[in-house]
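Engineer: PDB, C-alpha atoms, pLDDT in the B column, file final-v5.pdb:
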ATOM      1  CA  MET N   1     -91.757  59.125 -30.554  1.00 59.00           C
ATOM      2  CA  SER N   2     -89.041  56.549 -31.256  1.00 89.00           C
ATOM      3  CA  ARG N   3     -88.508  53.322 -29.399  1.00 96.00           C
ATOM      4  CA  LEU N   4     -84.981  51.981 -28.971  1.00 98.00           C
ATOM      5  CA  LEU N   5     -84.120  48.288 -28.972  1.00 97.00           C
ATOM      6  CA  ILE N   6     -80.594  47.321 -27.896  1.00 97.00           C
ATOM      7  CA  HIS N   7     -79.349  43.841 -28.775  1.00 96.00           C
ATOM      8  CA  VAL N   8     -76.991  42.740 -25.995  1.00 95.00           C
ATOM      9  CA  GLU N   9     -74.935  39.580 -25.551  1.00 86.00           C
ATOM     10  CA  GLY N  10     -75.275  38.937 -21.828  1.00 89.00           C
ATOM     11  CA  GLN N  11     -77.074  39.667 -18.579  1.00 91.00           C
ATOM     12  CA  THR N  12     -74.476  42.216 -17.450  1.00 92.00           C
ATOM     13  CA  GLU N  13     -75.019  44.345 -20.540  1.00 93.00           C
ATOM     14  CA  LYS N  14     -78.789  44.014 -20.133  1.00 94.00           C
ATOM     15  CA  ASN N  15     -78.543  45.191 -16.524  1.00 95.00           C
ATOM     16  CA  PHE N  16     -76.370  48.091 -17.647  1.00 96.00           C
ATOM     17  CA  VAL N  17     -78.987  49.157 -20.194  1.00 96.00           C
ATOM     18  CA  ASP N  18     -81.869  48.731 -17.745  1.00 96.00           C
ATOM     19  CA  GLN N  19     -80.216  50.505 -14.830  1.00 94.00           C
ATOM     20  CA  LEU N  20     -78.129  53.245 -16.479  1.00 96.00           C
ATOM     21  CA  LEU N  21     -78.580  53.732 -20.211  1.00 97.00           C
ATOM     22  CA  ARG N  22     -82.387  53.663 -20.249  1.00 97.00           C
ATOM     23  CA  GLU N  23     -82.790  56.744 -18.063  1.00 96.00           C
ATOM     24  CA  PHE N  24     -80.152  58.655 -20.031  1.00 97.00           C
ATOM     25  CA  LEU N  25     -81.645  57.830 -23.437  1.00 97.00           C
ATOM     26  CA  ILE N  26     -85.244  58.457 -22.410  1.00 97.00           C
ATOM     27  CA  GLY N  27     -84.009  61.792 -21.122  1.00 96.00           C
ATOM     28  CA  HIS N  28     -82.843  62.504 -24.663  1.00 96.00           C
ATOM     29  CA  GLY N  29     -86.179  61.825 -26.304  1.00 95.00           C
ATOM     30  CA  TYR N  30     -86.639  58.083 -26.751  1.00 96.00           C
ATOM     31  CA  PHE N  31     -90.105  56.928 -25.757  1.00 95.00           C
ATOM     32  CA  SER N  32     -88.842  53.567 -24.490  1.00 96.00           C
ATOM     33  CA  VAL N  33     -85.520  51.713 -24.273  1.00 97.00           C
ATOM     34  CA  ALA N  34     -85.387  47.921 -24.088  1.00 96.00           C
ATOM     35  CA  ALA N  35     -82.472  45.482 -23.999  1.00 96.00           C
ATOM     36  CA  ARG N  36     -82.861  42.171 -25.823  1.00 93.00           C
ATOM     37  CA  LEU N  37     -80.612  39.224 -25.008  1.00 91.00           C
ATOM     38  CA  GLN N  38     -79.331  37.530 -28.127  1.00 78.00           C
ATOM     39  CA  GLY N  39     -80.012  33.879 -28.824  1.00 59.00           C
ATOM     40  CA  HIS N  40     -78.684  31.461 -26.202  1.00 50.00           C
ATOM     41  CA  ALA N  41     -77.956  34.380 -23.864  1.00 48.00           C
ATOM     42  CA  GLN N  42     -81.678  34.195 -23.066  1.00 46.00           C
ATOM     43  CA  LEU N  43     -81.118  30.885 -21.280  1.00 43.00           C
ATOM     44  CA  LYS N  44     -81.003  30.844 -17.480  1.00 40.00           C
ATOM     45  CA  SER N  45     -77.217  30.497 -17.467  1.00 39.00           C
ATOM     46  CA  HIS N  46     -76.973  34.055 -18.896  1.00 38.00           C
ATOM     47  CA  ARG N  47     -73.581  33.255 -20.346  1.00 41.00           C
ATOM     48  CA  GLY N  48     -74.164  35.498 -23.326  1.00 42.00           C
ATOM     49  CA  GLY N  49     -72.176  36.082 -26.471  1.00 48.00           C
ATOM     50  CA  GLY N  50     -71.213  33.768 -29.281  1.00 65.00           C
ATOM     51  CA  ARG N  51     -74.240  33.889 -31.551  1.00 84.00           C
ATOM     52  CA  ALA N  52     -73.693  33.724 -35.298  1.00 91.00           C
ATOM     53  CA  TRP N  53     -74.265  36.937 -37.252  1.00 94.00           C
ATOM     54  CA  SER N  54     -76.878  35.326 -39.528  1.00 94.00           C
ATOM     55  CA  GLY N  55     -79.300  34.871 -36.621  1.00 93.00           C
ATOM     56  CA  VAL N  56     -78.687  38.328 -35.173  1.00 94.00           C
ATOM     57  CA  LYS N  57     -79.073  39.934 -38.598  1.00 96.00           C
ATOM     58  CA  LYS N  58     -82.374  38.140 -39.141  1.00 95.00           C
ATOM     59  CA  GLU N  59     -83.723  39.424 -35.816  1.00 95.00           C
ATOM     60  CA  ILE N  60     -82.622  42.999 -36.491  1.00 96.00           C
ATOM     61  CA  LEU N  61     -84.219  43.032 -39.927  1.00 97.00           C
ATOM     62  CA  ARG N  62     -87.438  41.597 -38.487  1.00 96.00           C
ATOM     63  CA  HIS N  63     -87.633  44.262 -35.793  1.00 95.00           C
ATOM     64  CA  LEU N  64     -87.057  47.041 -38.298  1.00 96.00           C
ATOM     65  CA  SER N  65     -89.681  45.709 -40.727  1.00 96.00           C
ATOM     66  CA  GLU N  66     -92.346  45.040 -38.093  1.00 94.00           C
ATOM     67  CA  ASP N  67     -92.076  48.405 -36.342  1.00 93.00           C
ATOM     68  CA  GLU N  68     -91.434  51.571 -38.332  1.00 92.00           C
ATOM     69  CA  GLY N  69     -91.019  53.523 -35.099  1.00 93.00           C
ATOM     70  CA  VAL N  70     -88.156  51.447 -33.707  1.00 96.00           C
ATOM     71  CA  VAL N  71     -84.445  52.248 -33.712  1.00 97.00           C
ATOM     72  CA  VAL N  72     -82.154  49.234 -33.294  1.00 98.00           C
ATOM     73  CA  THR N  73     -78.595  49.137 -32.015  1.00 98.00           C
ATOM     74  CA  THR N  74     -76.177  46.556 -30.612  1.00 97.00           C
ATOM     75  CA  PHE N  75     -74.004  46.361 -27.511  1.00 96.00           C
ATOM     76  CA  VAL N  76     -71.557  43.497 -28.061  1.00 94.00           C
ATOM     77  CA  ASP N  77     -67.829  43.160 -27.478  1.00 89.00           C
ATOM     78  CA  PHE N  78     -65.246  42.943 -30.246  1.00 88.00           C
ATOM     79  CA  TYR N  79     -63.129  40.359 -28.497  1.00 81.00           C
ATOM     80  CA  GLY N  80     -65.904  37.768 -28.144  1.00 82.00           C
ATOM     81  CA  LEU N  81     -67.530  38.026 -31.574  1.00 88.00           C
ATOM     82  CA  PRO N  82     -67.653  34.797 -33.617  1.00 91.00           C
ATOM     83  CA  PRO N  83     -65.812  34.813 -36.967  1.00 93.00           C
ATOM     84  CA  SER N  84     -69.163  34.819 -38.806  1.00 94.00           C
ATOM     85  CA  TRP N  85     -69.707  38.480 -37.969  1.00 96.00           C
ATOM     86  CA  PRO N  86     -68.969  40.953 -40.801  1.00 94.00           C
ATOM     87  CA  LYS N  87     -65.246  41.660 -41.218  1.00 93.00           C
ATOM     88  CA  ARG N  88     -64.461  39.958 -37.887  1.00 92.00           C
ATOM     89  CA  LEU N  89     -61.638  37.951 -39.389  1.00 90.00           C
ATOM     90  CA  GLY N  90     -58.760  40.350 -39.911  1.00 86.00           C
ATOM     91  CA  ALA N  91     -60.444  43.332 -38.270  1.00 87.00           C
ATOM     92  CA  THR N  92     -58.172  45.394 -36.041  1.00 84.00           C
ATOM     93  CA  GLY N  93     -60.943  47.299 -34.308  1.00 86.00           C
ATOM     94  CA  PRO N  94     -64.712  47.643 -33.928  1.00 93.00           C
ATOM     95  CA  THR N  95     -65.313  50.390 -36.503  1.00 93.00           C
ATOM     96  CA  GLN N  96     -64.580  48.057 -39.420  1.00 93.00           C
ATOM     97  CA  ILE N  97     -67.180  45.601 -38.165  1.00 95.00           C
ATOM     98  CA  GLU N  98     -69.722  48.321 -37.429  1.00 97.00           C
ATOM     99  CA  ALA N  99     -69.425  49.761 -40.933  1.00 96.00           C
ATOM    100  CA  GLU N 100     -70.056  46.378 -42.532  1.00 96.00           C
ATOM    101  CA  MET N 101     -72.953  45.620 -40.179  1.00 97.00           C
ATOM    102  CA  ALA N 102     -74.601  48.913 -41.140  1.00 98.00           C
ATOM    103  CA  LYS N 103     -74.066  48.120 -44.818  1.00 97.00           C
ATOM    104  CA  GLU N 104     -75.638  44.669 -44.531  1.00 97.00           C
ATOM    105  CA  ILE N 105     -78.693  45.900 -42.607  1.00 98.00           C
ATOM    106  CA  GLY N 106     -79.110  48.930 -44.855  1.00 97.00           C
ATOM    107  CA  SER N 107     -81.399  51.022 -42.653  1.00 97.00           C
ATOM    108  CA  GLY N 108     -80.995  54.496 -41.216  1.00 96.00           C
ATOM    109  CA  ARG N 109     -82.764  53.218 -38.084  1.00 97.00           C
ATOM    110  CA  PHE N 110     -79.955  50.759 -37.330  1.00 98.00           C
ATOM    111  CA  LEU N 111     -76.884  52.031 -35.509  1.00 97.00           C
ATOM    112  CA  PRO N 112     -74.374  49.271 -34.635  1.00 97.00           C
ATOM    113  CA  PHE N 113     -72.033  49.431 -31.667  1.00 97.00           C
ATOM    114  CA  VAL N 114     -69.205  47.010 -30.949  1.00 95.00           C
ATOM    115  CA  MET N 115     -67.473  47.565 -27.617  1.00 92.00           C
ATOM    116  CA  MET N 116     -63.697  47.481 -27.587  1.00 83.00           C
ATOM    117  CA  HIS N 117     -62.971  45.134 -25.860  1.00 80.00           C
ATOM    118  CA  GLU N 118     -65.692  44.311 -23.332  1.00 86.00           C
ATOM    119  CA  PHE N 119     -68.037  45.870 -20.766  1.00 92.00           C
ATOM    120  CA  GLU N 120     -65.445  45.736 -17.960  1.00 93.00           C
ATOM    121  CA  ALA N 121     -63.264  48.218 -19.815  1.00 94.00           C
ATOM    122  CA  LEU N 122     -65.739  50.926 -18.806  1.00 97.00           C
ATOM    123  CA  LEU N 123     -65.064  50.195 -15.139  1.00 97.00           C
ATOM    124  CA  PHE N 124     -61.471  51.363 -15.479  1.00 97.00           C
ATOM    125  CA  SER N 125     -62.782  54.872 -16.171  1.00 98.00           C
ATOM    126  CA  ASP N 126     -62.533  55.634 -12.454  1.00 98.00           C
ATOM    127  CA  SER N 127     -60.453  53.253 -10.342  1.00 97.00           C
ATOM    128  CA  ALA N 128     -61.390  54.958  -7.063  1.00 97.00           C
ATOM    129  CA  ALA N 129     -65.134  54.764  -7.709  1.00 98.00           C
ATOM    130  CA  PHE N 130     -64.883  51.171  -8.896  1.00 97.00           C
ATOM    131  CA  CYS N 131     -62.897  49.937  -5.897  1.00 97.00           C
ATOM    132  CA  GLY N 132     -65.093  51.894  -3.504  1.00 97.00           C
ATOM    133  CA  SER N 133     -68.263  50.355  -4.940  1.00 95.00           C
ATOM    134  CA  VAL N 134     -67.009  46.832  -4.240  1.00 93.00           C
ATOM    135  CA  GLU N 135     -65.495  47.797  -0.877  1.00 94.00           C
ATOM    136  CA  ARG N 136     -61.924  47.110  -1.950  1.00 95.00           C
ATOM    137  CA  VAL N 137     -60.323  50.540  -1.732  1.00 96.00           C
ATOM    138  CA  ASP N 138     -57.042  48.783  -0.980  1.00 97.00           C
ATOM    139  CA  LEU N 139     -56.898  47.691  -4.615  1.00 97.00           C
ATOM    140  CA  GLU N 140     -57.228  51.187  -6.075  1.00 97.00           C
ATOM    141  CA  PRO N 141     -53.464  51.689  -6.705  1.00 97.00           C
ATOM    142  CA  ARG N 142     -53.264  48.428  -8.635  1.00 96.00           C
ATOM    143  CA  PHE N 143     -56.301  49.239 -10.784  1.00 97.00           C
ATOM    144  CA  ALA N 144     -54.975  52.751 -11.371  1.00 97.00           C
ATOM    145  CA  GLN N 145     -51.648  51.267 -12.494  1.00 96.00           C
ATOM    146  CA  ILE N 146     -53.436  49.141 -15.099  1.00 95.00           C
ATOM    147  CA  ARG N 147     -55.409  52.152 -16.332  1.00 95.00           C
ATOM    148  CA  THR N 148     -52.367  54.396 -16.751  1.00 95.00           C
ATOM    149  CA  GLY N 149     -50.745  51.793 -18.970  1.00 93.00           C
ATOM    150  CA  PHE N 150     -53.226  52.526 -21.768  1.00 93.00           C
ATOM    151  CA  ALA N 151     -54.393  55.654 -23.567  1.00 94.00           C
ATOM    152  CA  SER N 152     -58.040  54.754 -22.890  1.00 95.00           C
ATOM    153  CA  PRO N 153     -59.870  52.121 -20.822  1.00 95.00           C
ATOM    154  CA  GLU N 154     -61.224  50.804 -24.131  1.00 93.00           C
ATOM    155  CA  GLU N 155     -57.712  49.730 -25.111  1.00 91.00           C
ATOM    156  CA  ILE N 156     -57.074  47.544 -22.049  1.00 91.00           C
ATOM    157  CA  ASN N 157     -56.424  44.139 -23.618  1.00 80.00           C
ATOM    158  CA  ASP N 158     -53.206  42.440 -24.678  1.00 63.00           C
ATOM    159  CA  SER N 159     -54.305  38.800 -24.894  1.00 66.00           C
ATOM    160  CA  PRO N 160     -57.138  36.439 -23.874  1.00 65.00           C
ATOM    161  CA  GLN N 161     -55.567  36.324 -20.422  1.00 73.00           C
ATOM    162  CA  SER N 162     -55.403  40.094 -19.997  1.00 82.00           C
ATOM    163  CA  ALA N 163     -58.866  41.277 -21.028  1.00 87.00           C
ATOM    164  CA  PRO N 164     -60.391  43.781 -18.565  1.00 92.00           C
ATOM    165  CA  SER N 165     -62.565  41.148 -16.881  1.00 90.00           C
ATOM    166  CA  LYS N 166     -59.603  38.786 -16.479  1.00 91.00           C
ATOM    167  CA  ARG N 167     -57.545  41.561 -14.886  1.00 93.00           C
ATOM    168  CA  ILE N 168     -60.349  42.281 -12.437  1.00 95.00           C
ATOM    169  CA  LEU N 169     -60.704  38.615 -11.512  1.00 94.00           C
ATOM    170  CA  GLN N 170     -56.977  38.275 -10.949  1.00 93.00           C
ATOM    171  CA  LEU N 171     -57.106  41.037  -8.353  1.00 94.00           C
ATOM    172  CA  MET N 172     -60.603  40.302  -7.084  1.00 95.00           C
ATOM    173  CA  PRO N 173     -61.506  36.586  -7.432  1.00 93.00           C
ATOM    174  CA  GLY N 174     -64.936  37.138  -5.892  1.00 90.00           C
ATOM    175  CA  TYR N 175     -66.016  39.640  -8.559  1.00 93.00           C
ATOM    176  CA  GLN N 176     -69.566  38.923  -9.767  1.00 91.00           C
ATOM    177  CA  LYS N 177     -69.977  40.479 -13.205  1.00 87.00           C
ATOM    178  CA  PRO N 178     -73.775  41.021 -13.441  1.00 87.00           C
ATOM    179  CA  PHE N 179     -74.041  42.455  -9.918  1.00 91.00           C
ATOM    180  CA  ASP N 180     -70.685  44.049  -9.039  1.00 94.00           C
ATOM    181  CA  GLY N 181     -70.076  45.307 -12.574  1.00 94.00           C
ATOM    182  CA  VAL N 182     -73.315  47.245 -12.838  1.00 94.00           C
ATOM    183  CA  ASN N 183     -73.053  48.587  -9.295  1.00 95.00           C
ATOM    184  CA  ALA N 184     -69.567  49.840 -10.136  1.00 96.00           C
ATOM    185  CA  ALA N 185     -70.797  51.397 -13.365  1.00 97.00           C
ATOM    186  CA  ARG N 186     -73.496  53.228 -11.424  1.00 96.00           C
ATOM    187  CA  ALA N 187     -70.913  54.538  -8.962  1.00 97.00           C
ATOM    188  CA  ILE N 188     -68.670  55.722 -11.794  1.00 98.00           C
ATOM    189  CA  GLY N 189     -71.484  57.302 -13.781  1.00 97.00           C
ATOM    190  CA  LEU N 190     -72.052  57.734 -17.504  1.00 97.00           C
ATOM    191  CA  GLU N 191     -70.449  61.174 -17.588  1.00 97.00           C
ATOM    192  CA  ARG N 192     -67.118  59.819 -16.371  1.00 98.00           C
ATOM    193  CA  MET N 193     -67.260  56.797 -18.671  1.00 98.00           C
ATOM    194  CA  ARG N 194     -68.022  58.983 -21.668  1.00 98.00           C
ATOM    195  CA  ALA N 195     -65.109  61.264 -20.840  1.00 98.00           C
ATOM    196  CA  GLU N 196     -62.687  58.325 -20.623  1.00 97.00           C
ATOM    197  CA  CYS N 197     -64.008  56.070 -23.403  1.00 97.00           C
ATOM    198  CA  PRO N 198     -64.262  57.849 -26.781  1.00 97.00           C
ATOM    199  CA  HIS N 199     -65.838  55.018 -28.771  1.00 96.00           C
ATOM    200  CA  PHE N 200     -68.532  54.470 -26.135  1.00 97.00           C
ATOM    201  CA  ASN N 201     -69.104  58.221 -25.989  1.00 98.00           C
ATOM    202  CA  ASP N 202     -69.429  58.407 -29.761  1.00 97.00           C
ATOM    203  CA  TRP N 203     -72.082  55.675 -29.751  1.00 98.00           C
ATOM    204  CA  LEU N 204     -74.249  57.463 -27.202  1.00 98.00           C
ATOM    205  CA  GLY N 205     -73.781  60.734 -29.046  1.00 98.00           C
ATOM    206  CA  ARG N 206     -74.892  59.159 -32.314  1.00 97.00           C
ATOM    207  CA  LEU N 207     -77.965  57.635 -30.667  1.00 97.00           C
ATOM    208  CA  VAL N 208     -78.940  61.043 -29.313  1.00 97.00           C
ATOM    209  CA  ALA N 209     -78.347  62.666 -32.703  1.00 96.00           C
ATOM    210  CA  LEU N 210     -80.358  59.989 -34.514  1.00 95.00           C
ATOM    211  CA  ARG N 211     -83.327  60.523 -32.216  1.00 95.00           C
ATOM    212  CA  ALA N 212     -83.229  64.251 -32.962  1.00 92.00           C
ATOM    213  CA  GLN N 213     -83.371  63.505 -36.704  1.00 90.00           C
ATOM    214  CA  LEU N 214     -86.426  61.236 -36.573  1.00 83.00           C
TER     215      LEU N 214
END
Could the structure of this file be written out as structure tokens, please?

Structural biologist:
Amino acid sequence: MSRLLIHVEGQTEKNFVDQLLREFLIGHGYFSVAARLQGHAQLKSHRGGGRAWSGVKKEILRHLSEDEGVVVTTFVDFYGLPPSWPKRLGATGPTQIEAEMAKEIGSGRFLPFVMMHEFEALLFSDSAAFCGSVERVDLEPRFAQIRTGFASPEEINDSPQSAPSKRILQLMPGYQKPFDGVNAARAIGLERMRAECPHFNDWLGRLVALRAQL
């Protein structure tokens, strides 16, 4: 049975894998699912992100060579990737980067995923559930207004000042990403997030399909 290793860029994404994605993916045939913090994200500050592609690539290749039963994927955000990542400079979306990552790794057991734009985008999949989970139901109309301004939660980003996490902090200064974000995601549920976020849904679907092929 296949093991799945997910390279993540921060503690929030690790918590999301541990508390939501693991159960879903094990339910679809993976023997184990583990999240691995990249590089300096392993430090106690848990700030995440920012690691050069050369180091991440080296780790992925090592995992694939040392364990023939492992499937490796990534869970990083497009907006925060350093310019050293494949096709990052000039890329208009995550699929261009993912295609080049897959080409450079060159293994059928590697399935890259780049989130557009960041984890918090998923939380706009259900404004009512999100606001209820953090006990701020009074903010639901304002979060719903943000959501309706875009075709998908994954598209919520106009500038560095208007990324999903920045929008949340503007309305909710006390928002704690690793704790509140994952609690909100649990309240929303994977089914709702998959219905609202096509790129995220496609990634999970491809992971399930890959497991069935192995």

Engineer: For a quick check of understanding, using only C-alpha atoms, which of N:Val76, N:Ala121, N:Ile188, N:Val56 has the smallest distance to N:Ser162?

Structural biologist: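 Comparing N:Val76, N:Ala121, N:Ile188, N:Val56 against N:Ser162, the winner is N:Ala121.
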
Engineer: Could you check how far atom CA of N:Met172 sits from atom CA of N:Thr148, in Å to one decimal?

Structural biologist: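 These atoms are spaced 19.0 Å apart.
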
Engineer: Of the residues N:Gly55, N:Phe113, N:Gly174, N:Tyr79, which is the one nearest to N:Gln161, using only C-alpha atoms?

Structural biologist: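 The closest residue to N:Gln161 is N:Tyr79.
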
Engineer: For a quick check of understanding, using all atoms listed in the file, which of N:Arg211, N:Lys57, N:Arg147, N:Lys166 has the smallest distance to N:Glu118?

Structural biologist: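 Nearest candidate to N:Glu118 out of N:Arg211, N:Lys57, N:Arg147, N:Lys166: N:Lys166.
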
Engineer: May I have the residues within 12 Å of N:Ile97 as JSON, numbers by chain, using all atoms listed in the file and disregarding those fewer than 4 positions away in the same chain?

Structural biologist: {"N": [53, 74, 76, 77, 78, 79, 81, 82, 83, 84, 85, 86, 87, 88, 89, 90, 91, 92, 93, 101, 102, 103, 104, 111, 112, 113, 114, 115, 116]}

Engineer: Run the PyMOL selection byres ((chain N and resi 133) around 8) against the file shown and list the residues it catches, as a list in words.

Structural biologist: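 Selected by the PyMOL selection byres ((chain N and resi 133) around 8) in this file: Ala129, Phe130, Cys131, Gly132, Val134, Glu135, Arg136, Asp180, Asn183, Ala184 and Ala187 of chain N.
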
Engineer: If you count only C-alpha atoms, which residues fall within 9 Å of stretch 59-64 of chain N, apart from same-chain ones fewer than 5 positions away, as an MDAnalysis selection string?

Structural biologist: chainID N and resid 5 7 54 69:73 105 107 109:110

Engineer: Smallest atom-to-atom distance to N:Pro178: which of N:Arg206, N:His199, N:Arg3, N:Lys14, using all atoms listed in the file?

Structural biologist: N:Lys14

Engineer: Could you check the closest approach to N:Glu68 for each of N:Leu122, N:Arg142, N:Gly181, N:Ser2 and tell me which residue wins, using all atoms listed in the file?

Structural biologist: N:Ser2

Engineer: So, with only C-alpha atoms as the atoms that count, which of N:Ala34, N:Gly108, N:Gln96, N:Ser127 lies closest to N:Ala185?

Structural biologist: N:Ser127

Engineer: Can you measure atom CA of N:His28 to atom CA of N:Ala209 for me? One decimal in Å is fine.

Structural biologist: 9.2 Å

Engineer: Quote the spacing between atom CA of N:Glu140 and atom CA of N:Ile168 in Å to one decimal place.

Structural biologist: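 Answer for the atom CA of N:Glu140 to atom CA of N:Ile168 separation: 11.4 Å.
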